Amino acid sequence: VPERPTLGNTDYAFEMAISNIRYGEGVTKEIGMDLQNLGARRVCLMTDKNLSKLPPVNTVLNSLAKYGINFQMYDNVCVEPTDQSFLDAIKFAKKGEFDAYVAVGGGSVIDTCKAANLYASSPTSEFLDYVNAPIGKGKPVTVPLKPLIAVPTTSGTGSETTGVAIFDFKELKVKTGIASRAIKPTLGIIDPLHTLSMPERIVANSGFDVLCHALESYTALPYNMRSPCPSNPINRPAYQGSNPVSDVWALHALRIVAKYLKRAIRNPEDREARANMHLASAFAGIGFGNAGVHLCHGMSYPISGLVKSYKPKDYNVDHSLVPHGLSVVLTSPAVFAFTAQIHPERHLEAAEILGADIRTARIKDAGFILADTLRKFLFDLNVDDGLAAIGYSKADIPALVKGTLPQERVTKLSPRPQTEEDLSALFEASMKLY
């Protein structure tokens, strides 16, 4: 590392890591050829029970059959995966001794497949070895992984481009994950035909994830203010803070969301809107996969993990569930009102992209303007009226704060540091939105 004075040992570099991505209507049909080109002999196809009966998986199965690919299917992926569901998939992967993986689904499927590939490639590792600190040991990944082709069927997580796999750690009732450039897919197949079968609320909630990925990565702590500076490049985190390359992708994704999200939700036949949101998901993934996210995501993990009885419309699940995109977006007005003290001009720019008239705006009002713009956006899309509407009350705030504290991997990327009192106030302000 160059000998140079850095303020409090902050980083001086950033690194871009993304999967190869292929975009086009019908590209899923090429997957059999891709596996043939890789010389794959035993392929693991991962999906979930609902998707296994739907056109995206069918297209993959037809392509595998056409090119004579030998595969085994695992369709037991859990929506919003847990440590137990990860372990079940890992066991399947170890037993199968696969030389390539295909994940067809939303972020839950792709993340599960990343974890299965990692632990099957590193069979002597304990589960917590690669899980983010402070919950796990956060060890760097040094083993070679098998090729993984990801076929996203939602327009939200951007998981096809990132080295992150998120799960619920049941014992602690918190969401955490594994973050390493080594686990990113080899190839993301972005086929907009898969978005046409998505129900309205799934389009909405996955779109809110794209919105927050773009906003959080654009407003994150700049990479050269993040500390400590790694002593070895392998220790430079996947989430590095905002940087000039991520900024480009985040802003572009935000513009697409502003133009197309409402259309994609309101009209399932609007192919242009749905195709553009599918691309926006990957664009935002490239942005946040390298810059990281901050408070909306950090606070969302306990909102999902401590769910009581909420069951979302359009989700075919037999258990209580707060969809990830919803848990992220409900705190966004409060969060950006809080963070706008730092880089207010970025918050104002985001508000303008989302439709605010900022011609007479004062820079010190940037946070309130962005918060109001987000509230109006969510109100127009019939989003639940804050945390109270999904089953939380003020009595839950201490538990929600406690669940946010271990999320240092993301909360430390907030441009404005926060105390436990700040987090309490943010949860309280998010109880009701309108």
# chains A, B, ... in the order shown; residues from 1 in each chain; ligands from 1

call {"tool": "closest_atom_pairs", "arguments": {"of": "range 128-219 of chain A", "to": "range 382-398 of chain A", "cutoff": "10 Å", "atoms": "only C-alpha atoms", "output": "tab-separated table"}}
result
residue	atom	partner	partner_atom	distance
A:Arg201	CA	A:Val383	CA	9.4
A:Ala204	CA	A:Val383	CA	8.8
A:Asn205	CA	A:Val383	CA	9.1

call {"tool": "residues_around", "arguments": {"residues": "Leu64 in chain A", "least_positions_apart": "4", "cutoff": "12 Å", "atoms": "only C-alpha atoms", "output": "JSON, numbers by chain"}}
result
{"A": [28, 29, 30, 31, 32, 33, 34, 35, 36, 40, 41, 42, 43, 44, 45, 57, 58, 59, 60, 68, 69, 70, 71, 72, 73, 102]}

call {"tool": "closest_residue", "arguments": {"among": "A:Val27, A:Ala182, A:Ala116, A:Ile90", "to": "His194 in chain A", "atoms": "only C-alpha atoms"}}
result
A:Val27

call {"tool": "closest_atom_pairs", "arguments": {"of": "range 23-85 of chain A", "to": "range 188-191 of chain A", "cutoff": "6 Å", "atoms": "only C-alpha atoms", "output": "JSON lines"}}
result
{"residue": "A:Tyr23", "atom": "CA", "partner": "A:Ile190", "partner_atom": "CA", "distance": 4.7}
{"residue": "A:Gly24", "atom": "CA", "partner": "A:Asp191", "partner_atom": "CA", "distance": 5.4}
{"residue": "A:Glu25", "atom": "CA", "partner": "A:Asp191", "partner_atom": "CA", "distance": 5.2}
{"residue": "A:Gly26", "atom": "CA", "partner": "A:Asp191", "partner_atom": "CA", "distance": 6.0}
{"residue": "A:Val27", "atom": "CA", "partner": "A:Asp191", "partner_atom": "CA", "distance": 5.9}

call {"tool": "write_last_selection", "arguments": {"atoms": "N, CA and C atoms", "output": "PDB file, in the first residue's frame"}}
result
ATOM      1  N   TYR A  23     -28.105  -9.663 -22.052  1.00  0.00           N
ATOM      2  CA  TYR A  23     -29.488  -9.176 -22.031  1.00  0.00           C
ATOM      3  C   TYR A  23     -30.155  -9.412 -23.376  1.00  0.00           C
ATOM      4  N   GLY A  24     -31.414  -9.812 -23.346  1.00  0.00           N
ATOM      5  CA  GLY A  24     -32.191  -9.896 -24.580  1.00  0.00           C
ATOM      6  C   GLY A  24     -33.391 -10.801 -24.406  1.00  0.00           C
ATOM      7  N   GLU A  25     -34.464 -10.498 -25.131  1.00  0.00           N
ATOM      8  CA  GLU A  25     -35.656 -11.347 -25.052  1.00  0.00           C
ATOM      9  C   GLU A  25     -35.321 -12.744 -25.585  1.00  0.00           C
ATOM     10  N   GLY A  26     -35.499 -13.743 -24.735  1.00  0.00           N
ATOM     11  CA  GLY A  26     -35.297 -15.123 -25.172  1.00  0.00           C
ATOM     12  C   GLY A  26     -33.901 -15.673 -24.961  1.00  0.00           C
ATOM     13  N   VAL A  27     -32.976 -14.887 -24.328  1.00  0.00           N
ATOM     14  CA  VAL A  27     -31.587 -15.390 -24.169  1.00  0.00           C
ATOM     15  C   VAL A  27     -31.500 -16.625 -23.262  1.00  0.00           C
TER      16      VAL A  27
END

call {"tool": "atom_distance", "arguments": {"atom1": "CA of Glu345 in chain A", "atom2": "CA of Thr162 in chain A"}}
result
27.8 Å

call {"tool": "residues_around", "arguments": {"residues": "range 228-230 of chain A", "least_positions_apart": "4", "cutoff": "8 Å", "atoms": "only C-alpha atoms", "output": "VMD selection string"}}
result
chain A and resid 8 to 12 235 to 236

call {"tool": "residues_around", "arguments": {"residues": "Thr176 in chain A", "least_positions_apart": "6", "cutoff": "12 Å", "atoms": "only C-alpha atoms", "output": "JSON, numbers by chain"}}
result
{"A": [80, 81, 82, 83, 111, 128, 130, 131, 132, 133, 134, 135, 136, 138, 164, 165, 166, 167, 168, 169, 170, 297, 298, 299, 300, 301, 302, 304, 305, 403, 404, 405, 406, 407, 408, 409, 410]}

call {"tool": "closest_residue", "arguments": {"among": "A:Val317, A:Leu254, A:Val293, A:Val203", "to": "Arg274 in chain A", "atoms": "only C-alpha atoms"}}
result
A:Val203

call {"tool": "residues_around", "arguments": {"residues": "range 336-338 of chain A", "least_positions_apart": "2", "cutoff": "8 Å", "atoms": "only C-alpha atoms", "output": "VMD selection string"}}
result
chain A and resid 332 to 334 340 to 341 347 366 to 368 370 to 371 416

call {"tool": "write_last_selection", "arguments": {"atoms": "N, CA and C atoms", "output": "PDB file, in the first residue's frame"}}
result
ATOM      1  N   SER A 332     -37.405   4.692   4.065  1.00  0.00           N
ATOM      2  CA  SER A 332     -36.610   5.586   3.199  1.00  0.00           C
ATOM      3  C   SER A 332     -36.898   7.079   3.416  1.00  0.00           C
ATOM      4  N   PRO A 333     -38.158   7.529   3.620  1.00  0.00           N
ATOM      5  CA  PRO A 333     -38.325   8.972   3.849  1.00  0.00           C
ATOM      6  C   PRO A 333     -37.572   9.449   5.092  1.00  0.00           C
ATOM      7  N   ALA A 334     -37.678   8.680   6.190  1.00  0.00           N
ATOM      8  CA  ALA A 334     -36.985   9.085   7.430  1.00  0.00           C
ATOM      9  C   ALA A 334     -35.469   9.044   7.253  1.00  0.00           C
ATOM     10  N   ALA A 340     -29.291  13.576   4.784  1.00  0.00           N
ATOM     11  CA  ALA A 340     -29.070  14.666   3.818  1.00  0.00           C
ATOM     12  C   ALA A 340     -28.180  15.787   4.335  1.00  0.00           C
ATOM     13  N   GLN A 341     -27.932  15.826   5.647  1.00  0.00           N
ATOM     14  CA  GLN A 341     -26.984  16.836   6.168  1.00  0.00           C
ATOM     15  C   GLN A 341     -25.637  16.696   5.473  1.00  0.00           C
ATOM     16  N   HIS A 347     -28.698  14.402  -2.465  1.00  0.00           N
ATOM     17  CA  HIS A 347     -30.092  14.107  -2.091  1.00  0.00           C
ATOM     18  C   HIS A 347     -31.059  14.943  -2.949  1.00  0.00           C
ATOM     19  N   ALA A 366     -32.779  19.805   1.482  1.00  0.00           N
ATOM     20  CA  ALA A 366     -32.660  18.651   0.568  1.00  0.00           C
ATOM     21  C   ALA A 366     -33.314  17.392   1.137  1.00  0.00           C
ATOM     22  N   GLY A 367     -33.064  17.105   2.424  1.00  0.00           N
ATOM     23  CA  GLY A 367     -33.590  15.879   3.027  1.00  0.00           C
ATOM     24  C   GLY A 367     -35.102  15.846   3.063  1.00  0.00           C
ATOM     25  N   PHE A 368     -35.703  16.985   3.446  1.00  0.00           N
ATOM     26  CA  PHE A 368     -37.172  17.042   3.527  1.00  0.00           C
ATOM     27  C   PHE A 368     -37.785  16.919   2.132  1.00  0.00           C
ATOM     28  N   LEU A 370     -36.477  15.345  -0.521  1.00  0.00           N
ATOM     29  CA  LEU A 370     -36.384  13.948  -0.982  1.00  0.00           C
ATOM     30  C   LEU A 370     -37.375  13.068  -0.219  1.00  0.00           C
ATOM     31  N   ALA A 371     -37.514  13.294   1.095  1.00  0.00           N
ATOM     32  CA  ALA A 371     -38.461  12.507   1.901  1.00  0.00           C
ATOM     33  C   ALA A 371     -39.887  12.691   1.398  1.00  0.00           C
ATOM     34  N   ARG A 416     -23.805   9.633   7.391  1.00  0.00           N
ATOM     35  CA  ARG A 416     -23.907  10.272   8.702  1.00  0.00           C
ATOM     36  C   ARG A 416     -23.926   9.180   9.768  1.00  0.00           C
TER      37      ARG A 416
END

call {"tool": "residues_around", "arguments": {"residues": "Glu352 in chain A", "least_positions_apart": "3", "cutoff": "12 Å", "atoms": "only C-alpha atoms", "output": "list in words"}}
result
Leu251, Leu254, Arg255, Ala258, Glu345, Arg346, His347, Leu348, Glu349, Gly355, Ala356, Asp357, Ile358, Arg359, Thr360, Ala361, Ala366, Ile369, Leu370, Ala371, Asp372, Thr373 and Leu374 of chain A

call {"tool": "select_by_dssp", "arguments": {"residues": "range 189-380 of chain A", "states": "strand (DSSP E or B)", "output": "PDB file with N, CA, C and O atoms, in the first residue's frame"}}
result
ATOM      1  N   ILE A 189     -28.042 -13.978 -16.843  1.00  0.00           N
ATOM      2  CA  ILE A 189     -28.861 -14.022 -18.063  1.00  0.00           C
ATOM      3  C   ILE A 189     -30.100 -13.173 -17.811  1.00  0.00           C
ATOM      4  O   ILE A 189     -30.988 -13.584 -17.051  1.00  0.00           O
ATOM      5  N   ILE A 190     -30.149 -11.980 -18.389  1.00  0.00           N
ATOM      6  CA  ILE A 190     -31.244 -11.043 -18.108  1.00  0.00           C
ATOM      7  C   ILE A 190     -32.222 -11.075 -19.276  1.00  0.00           C
ATOM      8  O   ILE A 190     -31.988 -10.467 -20.321  1.00  0.00           O
ATOM      9  N   PRO A 222     -18.318   8.157   0.905  1.00  0.00           N
ATOM     10  CA  PRO A 222     -17.375   7.978  -0.201  1.00  0.00           C
ATOM     11  C   PRO A 222     -16.276   6.960   0.145  1.00  0.00           C
ATOM     12  O   PRO A 222     -15.849   6.864   1.305  1.00  0.00           O
ATOM     13  N   SER A 242     -19.486   4.972  -1.830  1.00  0.00           N
ATOM     14  CA  SER A 242     -19.784   5.544  -3.156  1.00  0.00           C
ATOM     15  C   SER A 242     -18.483   5.856  -3.883  1.00  0.00           C
ATOM     16  O   SER A 242     -17.473   6.225  -3.268  1.00  0.00           O
TER      17      SER A 242
END

call {"tool": "select_by_dssp", "arguments": {"residues": "range 36-133 of chain A", "states": "helix (DSSP H, G or I)", "output": "NGL selection string"}}
result
:A and (36-38 or 51-53 or 55-66 or 83-96 or 107-121 or 127-129)

call {"tool": "closest_residue", "arguments": {"among": "A:Val174, A:Gly241, A:Val143, A:Glu200", "to": "Asn224 in chain A", "atoms": "only C-alpha atoms"}}
result
A:Gly241

call {"tool": "closest_residue", "arguments": {"among": "A:Phe427, A:Phe283, A:Tyr223, A:Phe14", "to": "Leu400 in chain A", "atoms": "only C-alpha atoms"}}
result
A:Phe427

call {"tool": "closest_residue", "arguments": {"among": "A:Ala399, A:Ile110, A:Gly285, A:Asn276", "to": "Lys173 in chain A", "atoms": "only C-alpha atoms"}}
result
A:Ala399

call {"tool": "residues_around", "arguments": {"residues": "Gln418 in chain A", "least_positions_apart": "3", "cutoff": "12 Å", "atoms": "only C-alpha atoms", "output": "ChimeraX atom specification"}}
result
/A:294-295,298-299,335,338-339,401,404-405,408,411-415,421-426

call {"tool": "closest_residue", "arguments": {"among": "A:Asn290, A:Asn316, A:Ile265, A:Lys311", "to": "Asp48 in chain A", "atoms": "only C-alpha atoms"}}
result
A:Asn316

call {"tool": "atom_distance", "arguments": {"atom1": "CA of Leu378 in chain A", "atom2": "CA of Arg266 in chain A"}}
result
13.5 Å
